[in-house]
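What follows is the content of query-v4.tsv, which has TSV, C-alpha atoms:
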chain	number	residue	atom	x	y	z
W	143	MET	CA	134.00	83.61	64.72
W	144	LYS	CA	136.45	81.96	62.32
W	145	LYS	CA	135.21	78.52	63.34
W	146	THR	CA	131.60	79.55	62.69
W	147	LEU	CA	132.50	80.93	59.25
W	148	SER	CA	134.47	77.79	58.43
W	149	LEU	CA	131.51	75.60	59.38
W	150	MET	CA	129.16	77.78	57.34
W	151	PHE	CA	131.39	77.52	54.25
W	152	LEU	CA	131.70	73.76	54.74
W	153	PHE	CA	127.91	73.46	54.96
W	154	LEU	CA	127.44	75.53	51.77
W	155	PHE	CA	130.10	73.49	49.98
W	156	MET	CA	128.43	70.20	50.96
W	157	ALA	CA	124.98	71.51	49.99
W	158	THR	CA	126.36	72.49	46.57
W	159	ILE	CA	127.80	69.00	46.05
W	160	VAL	CA	124.50	67.33	47.01
W	161	PHE	CA	122.54	69.64	44.70
W	162	ALA	CA	124.94	68.94	41.82
W	163	GLN	CA	124.67	65.17	42.34
W	164	SER	CA	120.86	65.39	42.38
W	165	GLU	CA	120.82	67.44	39.19
W	166	LYS	CA	123.19	64.99	37.50
W	167	ALA	CA	120.93	62.06	38.51
W	168	ILE	CA	117.88	63.83	37.04
W	169	ASP	CA	119.83	64.61	33.85
W	170	THR	CA	120.79	60.93	33.56
W	171	VAL	CA	117.11	59.91	33.56
W	172	LEU	CA	116.11	62.75	31.22
W	173	ALA	CA	118.78	61.70	28.72
W	174	ASN	CA	117.18	58.26	28.51
W	175	LEU	CA	113.51	59.24	28.18
W	176	SER	CA	112.02	58.03	24.92
W	177	LEU	CA	111.15	60.87	22.56
W	178	ASP	CA	107.44	59.98	22.55
W	179	GLU	CA	107.26	60.17	26.32
W	180	LEU	CA	109.53	63.22	26.60
W	181	ASP	CA	106.73	65.41	25.24
W	182	ARG	CA	104.42	64.24	28.04
W	183	MET	CA	106.88	64.71	30.87
W	184	LYS	CA	108.04	68.18	31.77
W	185	ILE	CA	111.57	68.58	33.11
W	186	THR	CA	110.16	70.15	36.25
W	187	ASP	CA	108.18	66.95	36.93
W	188	LEU	CA	111.30	65.06	38.04
W	189	ARG	CA	112.57	65.21	41.63
W	190	SER	CA	115.42	63.46	43.41
W	191	LYS	CA	115.96	61.95	46.84
W	192	ASP	CA	119.00	60.29	48.35
W	193	ASN	CA	118.72	56.58	49.02
W	194	PRO	CA	118.59	56.44	52.85
W	195	LYS	CA	119.52	52.74	52.84
W	196	SER	CA	122.92	53.25	51.23
W	197	GLU	CA	124.23	54.57	47.91
W	198	GLY	CA	122.33	55.95	44.93
W	199	ILE	CA	119.82	58.69	44.21
W	200	PHE	CA	116.15	58.09	43.50
W	201	VAL	CA	114.67	60.10	40.63
W	202	TYR	CA	110.88	60.20	40.55
W	203	VAL	CA	107.74	62.01	39.47
W	204	PRO	CA	105.86	63.15	42.61
W	205	GLN	CA	102.46	63.03	40.87
W	206	ASP	CA	101.07	59.50	41.02
W	207	ARG	CA	97.68	59.82	39.29
W	208	PHE	CA	97.49	59.92	35.52
W	209	TYR	CA	94.07	59.83	33.86
W	210	GLY	CA	92.61	58.38	37.05
W	211	VAL	CA	95.17	55.56	37.28
W	212	LYS	CA	97.79	55.41	40.02
W	213	ARG	CA	101.30	55.00	38.65
W	214	ASN	CA	104.67	55.53	40.27
W	215	PHE	CA	107.55	56.63	38.07
W	216	ILE	CA	110.82	55.90	39.85
W	217	TRP	CA	114.44	55.22	38.93
W	218	LEU	CA	117.61	54.73	40.93
W	219	VAL	CA	120.83	56.31	39.68
W	220	ILE	CA	124.09	54.83	40.90
W	221	GLU	CA	127.57	55.24	39.47
W	222	GLY	CA	126.20	57.31	36.60
W	223	GLN	CA	123.71	54.65	35.46
W	224	ALA	CA	119.94	54.93	35.84
W	225	TYR	CA	117.77	51.88	36.46
W	226	PRO	CA	113.96	51.87	36.12
W	227	LEU	CA	112.44	50.32	39.24
W	228	ASN	CA	109.04	49.35	37.83
W	229	GLY	CA	107.09	48.79	34.61
W	230	PRO	CA	105.77	52.35	34.14
W	231	SER	CA	109.30	53.73	34.52
W	232	LYS	CA	110.72	51.18	32.09
W	233	LYS	CA	108.08	52.22	29.54
W	234	LEU	CA	109.35	55.82	29.74
W	235	THR	CA	112.99	54.73	29.50
W	236	PRO	CA	113.05	51.53	27.42
W	237	SER	CA	116.79	51.72	26.75
W	238	LEU	CA	117.68	51.39	30.43
W	239	THR	CA	118.43	48.02	31.96
W	240	TRP	CA	116.58	46.57	34.93
W	241	PRO	CA	118.28	46.52	38.36
W	242	ARG	CA	118.46	42.71	38.16
W	243	GLU	CA	120.75	43.18	35.12
W	244	ALA	CA	123.11	45.53	36.97
W	245	PRO	CA	126.49	44.22	38.06
W	246	GLU	CA	125.96	42.63	41.47
W	247	ALA	CA	128.84	44.60	42.99
W	248	VAL	CA	127.14	47.86	41.94
W	249	TRP	CA	123.58	46.99	42.97
W	250	ASP	CA	124.68	45.60	46.35
W	251	LYS	CA	125.78	49.16	47.24
W	252	THR	CA	122.12	50.29	47.11
W	253	GLY	CA	120.88	48.03	49.90
W	254	LEU	CA	117.76	47.35	47.79
W	255	ASN	CA	116.29	44.20	46.30
W	256	PRO	CA	116.98	44.23	42.53
W	257	TYR	CA	113.82	42.21	41.81
W	258	VAL	CA	111.16	44.06	43.83
W	259	ALA	CA	110.49	47.83	43.86
W	260	THR	CA	108.11	47.86	46.84
W	261	GLU	CA	110.66	49.13	49.36
W	262	ALA	CA	111.96	51.85	47.03
W	263	ILE	CA	108.41	53.02	46.28
W	264	GLU	CA	107.66	53.20	50.01
W	265	ILE	CA	110.85	55.18	50.68
W	266	VAL	CA	110.12	57.75	47.98
W	267	PHE	CA	106.34	58.02	47.99
W	268	GLU	CA	105.37	57.40	51.64
W	269	ASN	CA	105.26	61.14	52.39
W	270	ASN	CA	103.57	62.06	49.10
W	271	GLU	CA	100.23	60.38	49.73
Conversion result in structure tokens:
Amino acid sequence: MKKTLSLMFLFLFMATIVFAQSEKAIDTVLANLSLDELDRMKITDLRSKDNPKSEGIFVYVPQDRFYGVKRNFIWLVIEGQAYPLNGPSKKLTPSLTWPREAPEAVWDKTGLNPYVATEAIEIVFENNE
């Protein structure tokens, strides 16, 4: 019984940590949204997903159609810094630097190509279509 309770508390503790990290990643992106675009994006529009390749948390907008045009909004947050992964995301967060401008030692931890967002978009949006 004690072992079961210990495992249950450990699971709840780990779930709380994961939730807090996801919320912090979303807050990092929100803090960098340009004021013009902030009005168009509701806080509830942003979601997060762990990077299954390695480190970092994806932050994204699950909706991908805006005025009949398909657009993916996606960032990767690692070590407290958010990086826009494509042009539409950069337009929403112009103050953020591109992944290719990240320190190599930091970006290498993601397991992703800093020049091409195709793999990241597939990871995040493959189940949303």
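We find atom CA of Pro241 of chain W and atom CA of Gly210 of chain W to be spaced 28.3 Å apart.
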Excluding segment 195-198 of chain W and residues on its chain fewer than 2 positions from it, collect all residues at most 8 Å away from it, counting only C-alpha atoms, and give them as a PDB file with C-alpha atoms, in the frame of the given file.
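Output file result_13.pdb is given in full below:
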ATOM      1  CA  ASP W 192     119.000  60.290  48.350  1.00  0.00           C
ATOM      2  CA  ASN W 193     118.720  56.580  49.020  1.00  0.00           C
ATOM      3  CA  PHE W 200     116.150  58.090  43.500  1.00  0.00           C
ATOM      4  CA  LEU W 218     117.610  54.730  40.930  1.00  0.00           C
ATOM      5  CA  VAL W 219     120.830  56.310  39.680  1.00  0.00           C
ATOM      6  CA  ILE W 220     124.090  54.830  40.900  1.00  0.00           C
ATOM      7  CA  GLU W 221     127.570  55.240  39.470  1.00  0.00           C
ATOM      8  CA  LYS W 251     125.780  49.160  47.240  1.00  0.00           C
ATOM      9  CA  THR W 252     122.120  50.290  47.110  1.00  0.00           C
ATOM     10  CA  GLY W 253     120.880  48.030  49.900  1.00  0.00           C
ATOM     11  CA  LEU W 254     117.760  47.350  47.790  1.00  0.00           C
TER      12      LEU W 254
END
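Atom pair atom CA of Ser190 of chain W / atom CA of Ser231 of chain W has a distance of 14.5 Å (rounded to one decimal).
Considering the residues W:Ile199, W:Leu234, W:Leu188, W:Ile265 and counting all atoms listed in the file, Leu175 of chain W has its shortest atom-to-atom contact with W:Leu234.
Atom CA of Glu268 of chain W sits 26.0 Å away from atom CA of Asn174 of chain W.
When only C-alpha atoms are used to compute distances to Ser176 of chain W, the closest of the residues W:Leu238, W:Gly222, W:Pro245, W:Ile263 turns out to be W:Leu238.
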(Q) When you count all atoms listed in the file, which of these residues is closest to Asn255 of chain W: W:Ser164, W:Thr170, W:Leu227, W:Pro236? (A)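 Smallest separation from Asn255 of chain W among the options: W:Leu227.
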With distances taken over only C-alpha atoms, the candidate from W:Ala224, W:Val248, W:Ile168, W:Ala173 nearest Val203 of chain W is W:Ile168
